[in-house]
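Visitor: Below you'll find start.csv; it's CSV, C-alpha atoms.
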chain,number,residue,atom,x,y,z
A,472,MET,CA,-61.8,12.8,-55.6
A,473,SER,CA,-62.0,11.4,-52.1
A,474,GLU,CA,-64.4,12.7,-49.4
A,475,PHE,CA,-61.4,13.9,-47.4
A,476,LEU,CA,-60.0,16.0,-50.3
A,477,GLN,CA,-63.5,17.4,-51.0
A,478,ARG,CA,-63.8,18.6,-47.5
A,479,LEU,CA,-60.2,20.1,-47.4
A,480,ILE,CA,-60.7,22.0,-50.7
A,481,ASN,CA,-63.5,23.9,-49.1
A,482,GLU,CA,-61.3,25.5,-46.4
A,483,ASN,CA,-61.2,29.3,-46.7
A,484,GLU,CA,-57.8,29.9,-45.3
A,485,ASN,CA,-54.4,28.3,-46.1
A,486,ALA,CA,-54.2,25.2,-44.0
A,487,ILE,CA,-52.0,22.2,-43.7
A,488,CYS,CA,-54.0,19.0,-42.9
A,489,TYR,CA,-52.5,15.9,-41.3
A,490,ASN,CA,-54.6,12.9,-42.2
A,491,LEU,CA,-54.2,10.7,-39.0
A,492,ASP,CA,-56.4,8.0,-40.5
A,493,ILE,CA,-53.9,7.5,-43.3
A,494,LEU,CA,-51.1,7.6,-40.8
A,495,GLU,CA,-52.6,4.8,-38.7
A,496,LYS,CA,-53.3,2.6,-41.8
A,497,PHE,CA,-49.8,3.1,-43.1
A,498,VAL,CA,-48.1,2.3,-39.8
A,499,LYS,CA,-50.1,-1.0,-39.7
A,500,LYS,CA,-49.0,-1.7,-43.2
A,501,VAL,CA,-45.3,-1.2,-42.3
A,502,TYR,CA,-45.7,-3.6,-39.4
A,503,ARG,CA,-47.2,-6.2,-41.7
A,504,ASP,CA,-44.4,-5.7,-44.2
A,505,PHE,CA,-41.7,-6.4,-41.6
A,506,SER,CA,-43.7,-9.1,-39.7
A,507,SER,CA,-41.5,-11.9,-41.2
A,508,ILE,CA,-38.4,-10.5,-39.3
A,509,ASN,CA,-38.2,-11.7,-35.7
A,510,ASN,CA,-37.2,-9.2,-33.0
A,511,ILE,CA,-37.5,-6.0,-35.1
A,512,LYS,CA,-38.1,-2.6,-33.4
A,513,ILE,CA,-39.4,0.3,-35.4
A,514,LEU,CA,-38.8,3.9,-34.2
A,515,TYR,CA,-40.0,7.2,-35.5
A,516,ALA,CA,-37.4,9.9,-36.2
A,517,LEU,CA,-38.9,12.9,-34.6
A,518,LYS,CA,-36.9,15.3,-36.7
A,519,ALA,CA,-39.3,14.7,-39.6
A,520,ASN,CA,-42.3,16.2,-37.8
A,521,VAL,CA,-42.9,16.9,-34.1
A,522,ASP,CA,-46.6,17.7,-34.3
A,523,LEU,CA,-48.1,16.4,-31.0
A,524,ASN,CA,-51.1,14.8,-32.6
A,525,ILE,CA,-48.9,12.9,-35.0
A,526,LEU,CA,-46.6,11.8,-32.0
A,527,ASN,CA,-49.6,10.7,-29.9
A,528,THR,CA,-51.0,8.6,-32.8
A,529,LEU,CA,-47.6,6.9,-33.4
A,530,ALA,CA,-47.1,6.3,-29.6
A,531,LYS,CA,-50.5,4.6,-29.4
A,532,LEU,CA,-49.5,2.3,-32.3
A,533,ASP,CA,-46.5,1.1,-30.3
A,534,ILE,CA,-43.9,2.8,-32.5
A,535,GLY,CA,-40.8,3.9,-30.6
A,536,ALA,CA,-39.2,7.3,-30.6
A,537,ASP,CA,-35.8,8.3,-32.1
A,538,CYS,CA,-34.6,11.6,-30.8
A,539,ALA,CA,-31.7,13.9,-31.7
A,540,SER,CA,-32.2,16.6,-29.1
A,541,ARG,CA,-33.2,17.2,-25.5
A,542,GLU,CA,-36.4,18.9,-26.8
A,543,GLU,CA,-37.3,15.8,-28.9
A,544,VAL,CA,-36.8,13.6,-25.9
A,545,MET,CA,-39.2,15.8,-23.8
A,546,LEU,CA,-41.8,15.6,-26.5
A,547,SER,CA,-41.5,11.8,-26.7
A,548,ILE,CA,-42.0,11.6,-22.9
A,549,LYS,CA,-45.0,13.9,-23.2
A,550,SER,CA,-46.5,11.7,-25.9
A,551,ARG,CA,-45.9,8.6,-23.8
A,552,PHE,CA,-43.7,6.6,-26.2
A,553,LYS,CA,-42.9,3.3,-24.5
A,554,TYR,CA,-39.4,3.2,-25.9
A,555,ILE,CA,-37.2,6.2,-26.4
A,556,SER,CA,-33.8,6.2,-28.1
A,557,ALA,CA,-31.5,9.2,-28.4
A,558,THR,CA,-28.3,10.0,-30.2
A,559,GLY,CA,-26.5,13.1,-31.5
A,560,PRO,CA,-23.9,15.7,-30.7
A,561,SER,CA,-26.3,18.1,-29.0
A,562,PHE,CA,-26.6,16.1,-25.8
A,563,ASP,CA,-24.5,17.3,-22.8
A,564,LYS,CA,-23.2,15.5,-19.7
A,565,ASN,CA,-26.4,16.2,-17.7
A,566,ASP,CA,-28.6,14.9,-20.5
A,567,ILE,CA,-26.7,11.7,-20.8
A,568,LYS,CA,-26.6,11.0,-17.1
A,569,ASN,CA,-30.4,11.6,-16.9
A,570,TYR,CA,-31.1,9.2,-19.7
A,571,LEU,CA,-28.8,6.5,-18.3
A,572,GLU,CA,-30.7,6.8,-15.0
A,573,ASN,CA,-34.2,6.9,-16.5
A,574,ASP,CA,-34.4,4.0,-19.0
A,575,ILE,CA,-33.9,6.1,-22.1
A,576,HIS,CA,-31.6,4.4,-24.5
A,577,PHE,CA,-28.6,6.5,-25.5
A,578,ASP,CA,-26.1,5.8,-28.3
A,579,PHE,CA,-22.9,7.8,-27.8
A,580,ASP,CA,-22.1,9.9,-30.8
A,581,ASN,CA,-18.5,10.8,-30.0
A,582,TYR,CA,-15.6,10.0,-27.7
A,583,SER,CA,-16.0,13.3,-25.7
A,584,GLN,CA,-19.5,12.3,-24.7
A,585,LEU,CA,-18.2,9.0,-23.3
A,586,PHE,CA,-15.4,10.7,-21.4
A,587,ALA,CA,-17.8,13.3,-19.9
A,588,VAL,CA,-19.7,10.5,-18.0
A,589,LYS,CA,-16.9,8.0,-17.7
A,590,GLU,CA,-17.5,7.4,-14.0
A,591,GLU,CA,-21.1,6.4,-14.6
A,592,LEU,CA,-20.1,3.9,-17.3
A,593,TYR,CA,-17.8,1.5,-15.5
A,594,GLY,CA,-19.0,-2.0,-16.1
A,595,ARG,CA,-22.1,-0.9,-18.0
A,596,MET,CA,-23.6,-2.0,-21.3
A,597,ILE,CA,-23.9,1.0,-23.7
A,598,GLY,CA,-24.9,1.9,-27.2
A,599,ILE,CA,-22.5,3.5,-29.7
A,600,ARG,CA,-23.1,5.2,-33.0
A,601,GLY,CA,-20.4,3.8,-35.3
A,602,ASN,CA,-18.5,5.6,-38.1
A,603,LEU,CA,-17.6,3.2,-40.9
A,604,LYS,CA,-14.7,4.1,-43.1
A,605,GLY,CA,-15.6,5.3,-46.6
A,606,TYR,CA,-19.0,6.7,-45.6
A,607,CYS,CA,-17.9,10.4,-45.3
A,608,SER,CA,-19.8,11.2,-42.2
A,609,ARG,CA,-18.8,13.4,-39.3
A,610,PHE,CA,-21.0,11.5,-36.9
A,611,GLY,CA,-20.2,8.4,-34.9
A,612,ILE,CA,-17.1,6.8,-33.3
A,613,ASP,CA,-14.3,5.1,-35.2
A,614,PHE,CA,-13.9,1.6,-33.8
A,615,THR,CA,-10.2,1.5,-35.0
A,616,SER,CA,-9.3,4.4,-32.6
A,617,LYS,CA,-6.9,3.1,-30.0
A,618,GLU,CA,-8.1,5.7,-27.5
A,619,PHE,CA,-11.6,4.4,-27.8
A,620,VAL,CA,-10.7,0.7,-27.6
A,621,ASN,CA,-8.5,1.4,-24.5
A,622,PHE,CA,-11.3,3.4,-22.9
A,623,ILE,CA,-13.7,0.5,-23.4
A,624,LYS,CA,-11.3,-2.0,-21.9
A,625,ASP,CA,-10.2,0.3,-19.0
A,626,TYR,CA,-13.7,0.9,-17.9
A,627,ASN,CA,-14.9,-2.7,-18.4
A,628,ILE,CA,-17.6,-1.4,-20.8
A,629,LYS,CA,-19.5,-3.7,-23.1
A,630,ILE,CA,-21.1,-2.4,-26.3
A,631,GLN,CA,-24.7,-3.6,-26.4
A,632,ASN,CA,-26.0,-1.6,-29.4
A,633,ILE,CA,-24.4,-0.3,-32.6
A,634,HIS,CA,-26.1,2.4,-34.6
A,635,TYR,CA,-25.4,3.4,-38.2
A,636,HIS,CA,-27.3,6.1,-40.0
A,637,TYR,CA,-26.2,7.0,-43.6
A,638,GLY,CA,-29.0,8.8,-45.4
A,639,ASN,CA,-31.3,7.4,-48.0
A,640,LYS,CA,-31.0,3.7,-48.9
A,641,ASP,CA,-31.6,1.6,-52.0
A,642,LYS,CA,-31.0,-2.1,-52.6
A,643,TYR,CA,-27.4,-1.5,-53.6
A,644,ASN,CA,-26.2,0.7,-50.8
A,645,LEU,CA,-28.2,-1.2,-48.1
A,646,LYS,CA,-26.5,-4.4,-49.1
A,647,ILE,CA,-23.1,-2.6,-48.9
A,648,LEU,CA,-23.9,-1.2,-45.4
A,649,CYS,CA,-25.0,-4.7,-44.2
A,650,TYR,CA,-21.8,-6.2,-45.5
A,651,ASP,CA,-19.6,-3.5,-43.8
A,652,ILE,CA,-21.4,-4.0,-40.5
A,653,ILE,CA,-20.8,-7.7,-40.7
A,654,GLU,CA,-17.1,-7.2,-41.5
A,655,SER,CA,-16.9,-4.8,-38.5
A,656,ILE,CA,-18.3,-7.5,-36.2
A,657,LYS,CA,-15.8,-10.0,-37.5
A,658,LYS,CA,-12.9,-7.5,-37.1
A,659,PHE,CA,-13.5,-5.8,-33.8
A,660,ASN,CA,-13.7,-7.9,-30.6
A,661,ILE,CA,-15.3,-5.0,-28.7
A,662,LEU,CA,-18.4,-5.7,-30.8
A,663,SER,CA,-18.8,-9.3,-29.6
A,664,ASN,CA,-21.4,-8.5,-27.0
A,665,ILE,CA,-23.9,-6.6,-29.1
A,666,SER,CA,-27.5,-7.6,-28.8
A,667,SER,CA,-29.1,-5.0,-31.2
A,668,ILE,CA,-28.2,-3.2,-34.4
A,669,ASN,CA,-29.8,0.1,-35.5
A,670,ILE,CA,-29.4,0.7,-39.2
A,671,GLY,CA,-31.2,4.1,-39.2
A,672,GLY,CA,-33.9,5.3,-41.5
A,673,GLY,CA,-33.9,6.5,-45.1
A,674,ILE,CA,-36.0,3.6,-46.4
A,675,GLU,CA,-38.6,5.7,-48.2
A,676,LEU,CA,-37.2,4.8,-51.7
A,677,PHE,CA,-38.2,1.1,-51.2
A,678,TYR,CA,-41.8,2.2,-50.7
A,679,LYS,CA,-41.8,4.8,-53.4
A,680,GLN,CA,-40.6,2.1,-55.9
A,681,LYS,CA,-42.9,-0.5,-54.3
A,682,GLN,CA,-40.0,-2.7,-53.3
A,683,GLU,CA,-40.9,-3.3,-49.7
A,684,SER,CA,-40.2,-7.0,-50.1
A,685,SER,CA,-36.6,-6.2,-51.2
A,686,ILE,CA,-35.7,-4.5,-48.0
A,687,VAL,CA,-37.2,-7.3,-46.0
A,688,GLU,CA,-35.3,-10.0,-47.9
A,689,ILE,CA,-32.0,-8.0,-47.4
A,690,LEU,CA,-32.5,-7.5,-43.7
A,691,ILE,CA,-33.5,-11.2,-43.1
A,692,GLU,CA,-30.3,-12.4,-44.7
A,693,PHE,CA,-28.3,-9.7,-42.8
A,694,LYS,CA,-29.8,-10.7,-39.4
A,695,LYS,CA,-29.3,-14.4,-40.0
A,696,GLU,CA,-25.6,-13.8,-40.8
A,697,VAL,CA,-25.1,-11.6,-37.7
A,698,GLU,CA,-26.8,-14.1,-35.5
A,699,ARG,CA,-24.7,-16.9,-36.9
A,700,LEU,CA,-21.5,-14.9,-36.1
A,701,LEU,CA,-22.6,-14.1,-32.6
A,702,ASP,CA,-24.4,-17.4,-31.9
A,703,ARG,CA,-27.4,-15.6,-30.5
A,704,GLU,CA,-30.5,-13.7,-31.6
A,705,ILE,CA,-30.3,-9.9,-32.0
A,706,ILE,CA,-32.8,-7.1,-32.2
A,707,LEU,CA,-32.9,-5.2,-35.5
A,708,ILE,CA,-33.9,-1.5,-35.3
A,709,LEU,CA,-35.2,0.8,-38.0
A,710,GLU,CA,-35.9,4.5,-37.5
A,711,PRO,CA,-37.8,6.0,-40.4
A,712,GLY,CA,-39.2,9.5,-40.2
A,713,SER,CA,-40.6,11.0,-43.4
A,714,LEU,CA,-41.7,7.5,-44.4
A,715,PHE,CA,-44.5,7.8,-41.9
A,716,THR,CA,-45.3,11.5,-42.0
A,717,LEU,CA,-44.5,12.8,-45.5
A,718,PRO,CA,-47.6,11.2,-47.2
A,719,VAL,CA,-50.1,12.3,-44.5
A,720,GLY,CA,-49.7,16.0,-45.0
A,721,TYR,CA,-51.8,18.1,-47.5
A,722,LEU,CA,-51.6,21.9,-48.0
A,723,LYS,CA,-54.7,23.8,-49.0
A,724,THR,CA,-54.0,27.2,-50.7
A,725,LYS,CA,-55.3,29.4,-53.4
A,726,VAL,CA,-54.2,30.9,-56.7
A,727,LYS,CA,-53.4,34.5,-55.9
A,728,TYR,CA,-52.5,35.9,-59.3
A,729,ILE,CA,-52.2,34.6,-62.9
A,730,ILE,CA,-49.6,36.1,-65.2
A,731,LYS,CA,-51.2,35.2,-68.6
A,732,GLN,CA,-48.2,36.2,-70.8
A,733,THR,CA,-45.9,33.6,-69.1
A,734,LYS,CA,-48.6,31.2,-67.9
A,735,THR,CA,-47.4,31.6,-64.4
A,736,ALA,CA,-49.6,30.9,-61.4
A,737,ILE,CA,-48.6,32.6,-58.1
A,738,LEU,CA,-50.0,30.8,-55.1
A,739,ASP,CA,-50.8,32.3,-51.7
A,740,ILE,CA,-48.0,30.3,-50.1
A,741,SER,CA,-44.2,30.1,-50.4
A,742,SER,CA,-42.2,27.1,-51.6
A,743,PHE,CA,-39.1,28.7,-50.3
A,744,ASN,CA,-40.5,29.4,-46.8
A,745,PHE,CA,-42.4,26.2,-46.3
A,746,SER,CA,-41.1,23.4,-48.5
A,747,SER,CA,-37.3,23.5,-48.6
A,748,TRP,CA,-36.5,19.7,-48.6
A,749,ASN,CA,-39.3,17.9,-50.4
A,750,LYS,CA,-40.7,18.5,-53.9
A,751,ILE,CA,-44.5,19.1,-53.6
A,752,TYR,CA,-47.0,19.3,-56.4
A,753,PRO,CA,-50.7,20.1,-57.0
A,754,ILE,CA,-53.0,17.1,-56.7
A,755,CYS,CA,-56.4,19.0,-56.7
A,756,HIS,CA,-57.6,22.0,-58.6
A,757,ASN,CA,-61.0,23.0,-57.2
A,758,TYR,CA,-62.9,19.8,-57.2
A,759,GLU,CA,-60.8,17.9,-59.8
A,760,PHE,CA,-58.1,15.4,-58.8
A,761,ILE,CA,-55.2,16.2,-61.1
A,762,LYS,CA,-52.3,14.0,-59.8
A,763,GLY,CA,-50.5,12.4,-62.7
A,764,VAL,CA,-52.1,14.7,-65.4
A,765,LYS,CA,-49.7,15.0,-68.4
A,766,ASN,CA,-49.7,16.7,-71.8
A,767,SER,CA,-52.8,18.8,-71.4
A,768,SER,CA,-53.0,22.2,-73.0
A,769,PHE,CA,-53.1,23.9,-69.5
A,770,LYS,CA,-49.5,23.9,-68.3
A,771,TYR,CA,-48.5,26.5,-65.7
A,772,LYS,CA,-45.3,27.5,-64.0
A,773,VAL,CA,-46.4,27.4,-60.3
A,774,VAL,CA,-44.5,29.8,-58.0
A,775,GLY,CA,-44.6,31.0,-54.4
A,776,ASN,CA,-45.6,34.5,-53.1
A,777,THR,CA,-42.2,35.8,-51.9
A,778,CYS,CA,-39.8,38.1,-53.7
A,779,PHE,CA,-37.2,35.4,-53.9
A,780,GLU,CA,-36.5,34.4,-57.6
A,781,GLU,CA,-36.2,30.7,-56.8
A,782,ASP,CA,-39.5,30.5,-54.9
A,783,ILE,CA,-40.8,28.0,-57.5
A,784,PHE,CA,-42.9,24.8,-57.1
A,785,GLY,CA,-42.4,23.7,-60.7
A,786,GLU,CA,-44.3,23.3,-63.9
A,787,PHE,CA,-47.5,21.3,-63.9
A,788,TYR,CA,-50.4,20.3,-66.1
A,789,PHE,CA,-54.0,21.0,-65.2
A,790,LEU,CA,-57.2,19.8,-66.7
A,791,HIS,CA,-58.6,23.4,-67.0
A,792,GLU,CA,-57.5,26.9,-67.1
A,793,LEU,CA,-56.4,28.4,-63.7
A,794,LYS,CA,-58.1,31.5,-62.4
A,795,GLU,CA,-57.3,33.8,-59.6
A,796,GLY,CA,-59.0,32.5,-56.4
A,797,ASP,CA,-59.0,28.9,-57.5
A,798,ASN,CA,-58.5,26.3,-54.7
A,799,ILE,CA,-55.4,24.2,-54.9
A,800,ILE,CA,-54.2,21.2,-52.7
A,801,LEU,CA,-50.4,20.5,-52.6
A,802,PHE,CA,-48.9,17.2,-51.6
A,803,PRO,CA,-46.9,15.6,-50.0
A,804,ILE,CA,-46.1,18.0,-47.2
A,805,GLY,CA,-46.1,16.0,-43.9
A,806,ALA,CA,-42.3,16.0,-43.2
A,807,TYR,CA,-39.6,18.6,-42.9
A,808,ASN,CA,-41.9,21.6,-43.2
A,809,PHE,CA,-42.4,23.4,-39.9
A,810,CYS,CA,-39.1,22.1,-38.5
A,811,LEU,CA,-37.3,23.8,-41.4
A,812,LEU,CA,-39.5,26.8,-41.7
A,813,ARG,CA,-38.0,29.9,-43.2
A,814,ASN,CA,-39.5,33.3,-42.4
A,815,LEU,CA,-38.8,35.5,-45.4
A,816,HIS,CA,-41.0,38.7,-45.3
A,817,SER,CA,-42.3,37.5,-41.9
A,818,MET,CA,-45.2,35.8,-43.6
A,819,LYS,CA,-47.9,34.0,-41.7
A,820,THR,CA,-47.6,30.2,-41.6
A,821,PRO,CA,-50.5,28.0,-42.5
A,822,GLY,CA,-52.8,26.8,-39.7
A,823,ILE,CA,-53.0,23.1,-38.9
A,824,ILE,CA,-56.1,20.9,-39.0
A,825,TYR,CA,-56.5,17.1,-38.8
A,826,PHE,CA,-58.5,14.5,-40.4
A,827,GLU,CA,-59.3,11.7,-37.9
A,828,ASN,CA,-62.1,9.1,-37.8
A,829,GLY,CA,-63.4,10.5,-41.1
A,830,LYS,CA,-63.8,14.1,-39.9
A,831,LEU,CA,-61.9,17.3,-40.1
A,832,VAL,CA,-60.8,18.3,-36.6
A,833,TYR,CA,-59.8,21.9,-35.6
A,834,GLY,CA,-58.1,23.6,-32.7
A,835,ARG,CA,-56.2,20.6,-31.2
Show how you would write the structure in this file as structure tokens.
Guide:
Amino acid sequence: MSEFLQRLINENENAICYNLDILEKFVKKVYRDFSSINNIKILYALKANVDLNILNTLAKLDIGADCASREEVMLSIKSRFKYISATGPSFDKNDIKNYLENDIHFDFDNYSQLFAVKEELYGRMIGIRGNLKGYCSRFGIDFTSKEFVNFIKDYNIKIQNIHYHYGNKDKYNLKILCYDIIESIKKFNILSNISSINIGGGIELFYKQKQESSIVEILIEFKKEVERLLDREIILILEPGSLFTLPVGYLKTKVKYIIKQTKTAILDISSFNFSSWNKIYPICHNYEFIKGVKNSSFKYKVVGNTCFEEDIFGEFYFLHELKEGDNIILFPIGAYNFCLLRNLHSMKTPGIIYFENGKLVYGR
């Protein structure tokens, strides 16, 4: 059991801890993984976690910011990200004008956004979020739309960046996406001026399956083919979110009650309220590291503390019998927790502490 986990297990209250040392090490690893790709830009999708200390750490490591709301842009400015990119349907006319005037990159999500600021766009280079046929997404612009094509021509607009974001990726669907983007560049003359391509995030599976080299190989070949078609170098953009923050979050809680008849452990935290997107699991019981324990005689159904029937973490094996008051650390919980927080029963949310430079830090 690491020194970090030993310190965290001693916390008296429920607390989520963001390990900023792990975050820094992992960002540097990702940079190394993609170092063989020339002109690659890595952005952090703020929707995963907007904790200011996480944002400040990422900004210092020269990661860019990917924003989907005015509020996320403001947080990115506050954290001093050097490069800020924004796209999404939430931005209004005034937001877009402001970004165009202040060196914040904006990718238009729909035709109405373009039309709202048409006078400011004449003769400009802009970014567009594309909508490829067959991907069942409500976001982005269809390049086959005559209205859109005519608008681009009438206002002498050149498309500088194209942006595609289609959820989680694996080797199969990433290759298909790359192929479809290449075919779009071949087909649509309005894409002949692009200098950058943003293929979104959703690359966590490559890391979970230890296939980092696979995504690099796919993207190298994709970039080479695009550059051959356009006869110039392009910038490739990735915007992962939970890839960075999910594995740096740990939740310290306690066993509140044990129901011996059903071997159920009720924790002093709610899965329903606090962990709606990601499956989290116990990794420490008191001072024992239990990640990966299987087939022991101590198997418990671990549930949350609300009155919701489905407030369940899952069934897990432990090395020893659980008792009321035992300390538990849950993992991974660094992404999509506070931003998707539910408030059933108006329960108090965990406090936040940090692990930085080998020490627990409070009250930042």
Visitor: Select, from A:Tyr825, A:Tyr650, A:Trp748, A:Phe787, the residue with the minimum atom-to-atom distance to A:Gly763, counting all atoms listed in the file.
Guide: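 Ranked by minimum distance to A:Gly763, first place goes to A:Phe787.
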Visitor: List every protein, DNA or RNA residue with an atom no more than 6 Å from (-47.4, 19.8, -56.6) in the file's coordinates, counting only C-alpha atoms, and format the result as a list of chain:residue names.
Guide: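 It turns out the residues near that spot are A:Ile751, A:Tyr752, A:Pro753, A:Leu801, A:Phe802.
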Visitor: Looking at all atoms listed in the file, which of A:Tyr606, A:Tyr515, A:Tyr502, A:Tyr721 is the one that sits closest to A:Ile754?
Guide: A:Tyr721
Visitor: Skipping near chain neighbours, those fewer than 4 positions away, what residues fall within 12 Å of A:Ile548 using only C-alpha atoms, listed as a list in words?
Guide: Leu523, Leu526, Asn527, Ala530, Gly535, Ala536, Asp537, Cys538, Arg541, Glu542, Glu543, Val544, Phe552, Lys553, Tyr554, Ile555, Ser556, Tyr570, Asn573, Asp574 and Ile575 of chain A
Visitor: How would the residues just chosen look if you wrote them out with C-alpha atoms as a compact mmCIF listing (two decimals), keeping the file's coordinate frame?
Guide:
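selection-v5.txt, written as the output of this step:
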# COMPACT_ATOMS: atom_id res chain seq x y z
CA LEU A 523 -48.10 16.40 -31.00
CA LEU A 526 -46.60 11.80 -32.00
CA ASN A 527 -49.60 10.70 -29.90
CA ALA A 530 -47.10 6.30 -29.60
CA GLY A 535 -40.80 3.90 -30.60
CA ALA A 536 -39.20 7.30 -30.60
CA ASP A 537 -35.80 8.30 -32.10
CA CYS A 538 -34.60 11.60 -30.80
CA ARG A 541 -33.20 17.20 -25.50
CA GLU A 542 -36.40 18.90 -26.80
CA GLU A 543 -37.30 15.80 -28.90
CA VAL A 544 -36.80 13.60 -25.90
CA PHE A 552 -43.70 6.60 -26.20
CA LYS A 553 -42.90 3.30 -24.50
CA TYR A 554 -39.40 3.20 -25.90
CA ILE A 555 -37.20 6.20 -26.40
CA SER A 556 -33.80 6.20 -28.10
CA TYR A 570 -31.10 9.20 -19.70
CA ASN A 573 -34.20 6.90 -16.50
CA ASP A 574 -34.40 4.00 -19.00
CA ILE A 575 -33.90 6.10 -22.10
Visitor: Check the smallest atom-to-atom distance from each of A:Gly673, A:Pro560, A:Gly775, A:Pro718 to A:Ile493 using all atoms listed in the file, then report the winner.
Guide: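 Closest to A:Ile493 of all the choices is A:Pro718.
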Visitor: For stretch 665-668 of chain A, please output as a PyMOL selection string all residues within 7 Å (counting all atoms listed in the file; exclusion window: fewer than 5 positions along the same chain).
Guide: chain A and resi 630-634+705-708
Visitor: Got time to write the residues from that selection, C-alpha atoms, as a PDB file, keeping the file's coordinate frame?
Guide:
ATOM      1  CA  ILE A 630     -21.100  -2.400 -26.300  1.00  0.00           C
ATOM      2  CA  GLN A 631     -24.700  -3.600 -26.400  1.00  0.00           C
ATOM      3  CA  ASN A 632     -26.000  -1.600 -29.400  1.00  0.00           C
ATOM      4  CA  ILE A 633     -24.400  -0.300 -32.600  1.00  0.00           C
ATOM      5  CA  HIS A 634     -26.100   2.400 -34.600  1.00  0.00           C
ATOM      6  CA  ILE A 705     -30.300  -9.900 -32.000  1.00  0.00           C
ATOM      7  CA  ILE A 706     -32.800  -7.100 -32.200  1.00  0.00           C
ATOM      8  CA  LEU A 707     -32.900  -5.200 -35.500  1.00  0.00           C
ATOM      9  CA  ILE A 708     -33.900  -1.500 -35.300  1.00  0.00           C
TER      10      ILE A 708
END
Visitor: For a test of reading the model, state the distance in Å between atom CA of A:Phe475 and atom CA of A:Asn490, rounded to one decimal.
Guide: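 That distance, rounded to one decimal, is 8.6 Å.
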Visitor: If you count all atoms listed in the file, which residues fall within 12 Å of stretch 481-485 of chain A, apart from same-chain ones fewer than 2 positions away, as JSON, numbers by chain?
Guide: {"A": [474, 475, 476, 477, 478, 479, 487, 488, 721, 722, 723, 724, 725, 726, 727, 738, 739, 740, 741, 755, 756, 757, 758, 796, 797, 798, 799, 800, 801, 819, 820, 821, 822, 823, 824, 831, 833]}
Visitor: Go ahead and write the residues just picked, C-alpha atoms, as a PDB file, keeping the file's coordinate frame.
Guide:
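Writing done, so here's part.pdb:
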ATOM      1  CA  GLU A 474     -64.400  12.700 -49.400  1.00  0.00           C
ATOM      2  CA  PHE A 475     -61.400  13.900 -47.400  1.00  0.00           C
ATOM      3  CA  LEU A 476     -60.000  16.000 -50.300  1.00  0.00           C
ATOM      4  CA  GLN A 477     -63.500  17.400 -51.000  1.00  0.00           C
ATOM      5  CA  ARG A 478     -63.800  18.600 -47.500  1.00  0.00           C
ATOM      6  CA  LEU A 479     -60.200  20.100 -47.400  1.00  0.00           C
ATOM      7  CA  ILE A 487     -52.000  22.200 -43.700  1.00  0.00           C
ATOM      8  CA  CYS A 488     -54.000  19.000 -42.900  1.00  0.00           C
ATOM      9  CA  TYR A 721     -51.800  18.100 -47.500  1.00  0.00           C
ATOM     10  CA  LEU A 722     -51.600  21.900 -48.000  1.00  0.00           C
ATOM     11  CA  LYS A 723     -54.700  23.800 -49.000  1.00  0.00           C
ATOM     12  CA  THR A 724     -54.000  27.200 -50.700  1.00  0.00           C
ATOM     13  CA  LYS A 725     -55.300  29.400 -53.400  1.00  0.00           C
ATOM     14  CA  VAL A 726     -54.200  30.900 -56.700  1.00  0.00           C
ATOM     15  CA  LYS A 727     -53.400  34.500 -55.900  1.00  0.00           C
ATOM     16  CA  LEU A 738     -50.000  30.800 -55.100  1.00  0.00           C
ATOM     17  CA  ASP A 739     -50.800  32.300 -51.700  1.00  0.00           C
ATOM     18  CA  ILE A 740     -48.000  30.300 -50.100  1.00  0.00           C
ATOM     19  CA  SER A 741     -44.200  30.100 -50.400  1.00  0.00           C
ATOM     20  CA  CYS A 755     -56.400  19.000 -56.700  1.00  0.00           C
ATOM     21  CA  HIS A 756     -57.600  22.000 -58.600  1.00  0.00           C
ATOM     22  CA  ASN A 757     -61.000  23.000 -57.200  1.00  0.00           C
ATOM     23  CA  TYR A 758     -62.900  19.800 -57.200  1.00  0.00           C
ATOM     24  CA  GLY A 796     -59.000  32.500 -56.400  1.00  0.00           C
ATOM     25  CA  ASP A 797     -59.000  28.900 -57.500  1.00  0.00           C
ATOM     26  CA  ASN A 798     -58.500  26.300 -54.700  1.00  0.00           C
ATOM     27  CA  ILE A 799     -55.400  24.200 -54.900  1.00  0.00           C
ATOM     28  CA  ILE A 800     -54.200  21.200 -52.700  1.00  0.00           C
ATOM     29  CA  LEU A 801     -50.400  20.500 -52.600  1.00  0.00           C
ATOM     30  CA  LYS A 819     -47.900  34.000 -41.700  1.00  0.00           C
ATOM     31  CA  THR A 820     -47.600  30.200 -41.600  1.00  0.00           C
ATOM     32  CA  PRO A 821     -50.500  28.000 -42.500  1.00  0.00           C
ATOM     33  CA  GLY A 822     -52.800  26.800 -39.700  1.00  0.00           C
ATOM     34  CA  ILE A 823     -53.000  23.100 -38.900  1.00  0.00           C
ATOM     35  CA  ILE A 824     -56.100  20.900 -39.000  1.00  0.00           C
ATOM     36  CA  LEU A 831     -61.900  17.300 -40.100  1.00  0.00           C
ATOM     37  CA  TYR A 833     -59.800  21.900 -35.600  1.00  0.00           C
TER      38      TYR A 833
END
Visitor: With a distance cut-off of 9 Å and all atoms listed in the file, select the neighbouring residues of A:Asp613, excluding the residue or stretch itself and same-chain residues fewer than 6 positions from it, and output the selection as a PyMOL selection string.
Guide: chain A and resi 581+601-604+619
Visitor: For A:Pro803, which residue among A:Phe715, A:Phe497, A:Phe769, A:Phe622 is the nearest when counting only C-alpha atoms?
Guide: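 Using only C-alpha atoms, A:Pro803 sits closest to A:Phe715.
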Visitor: In file coordinates, which residues lie within 12 Å of (-34.5, 33.5, -53.5) using only C-alpha atoms, given as a PyMOL selection string?
Guide: chain A and resi 741-744+747+774-783+813+815-816
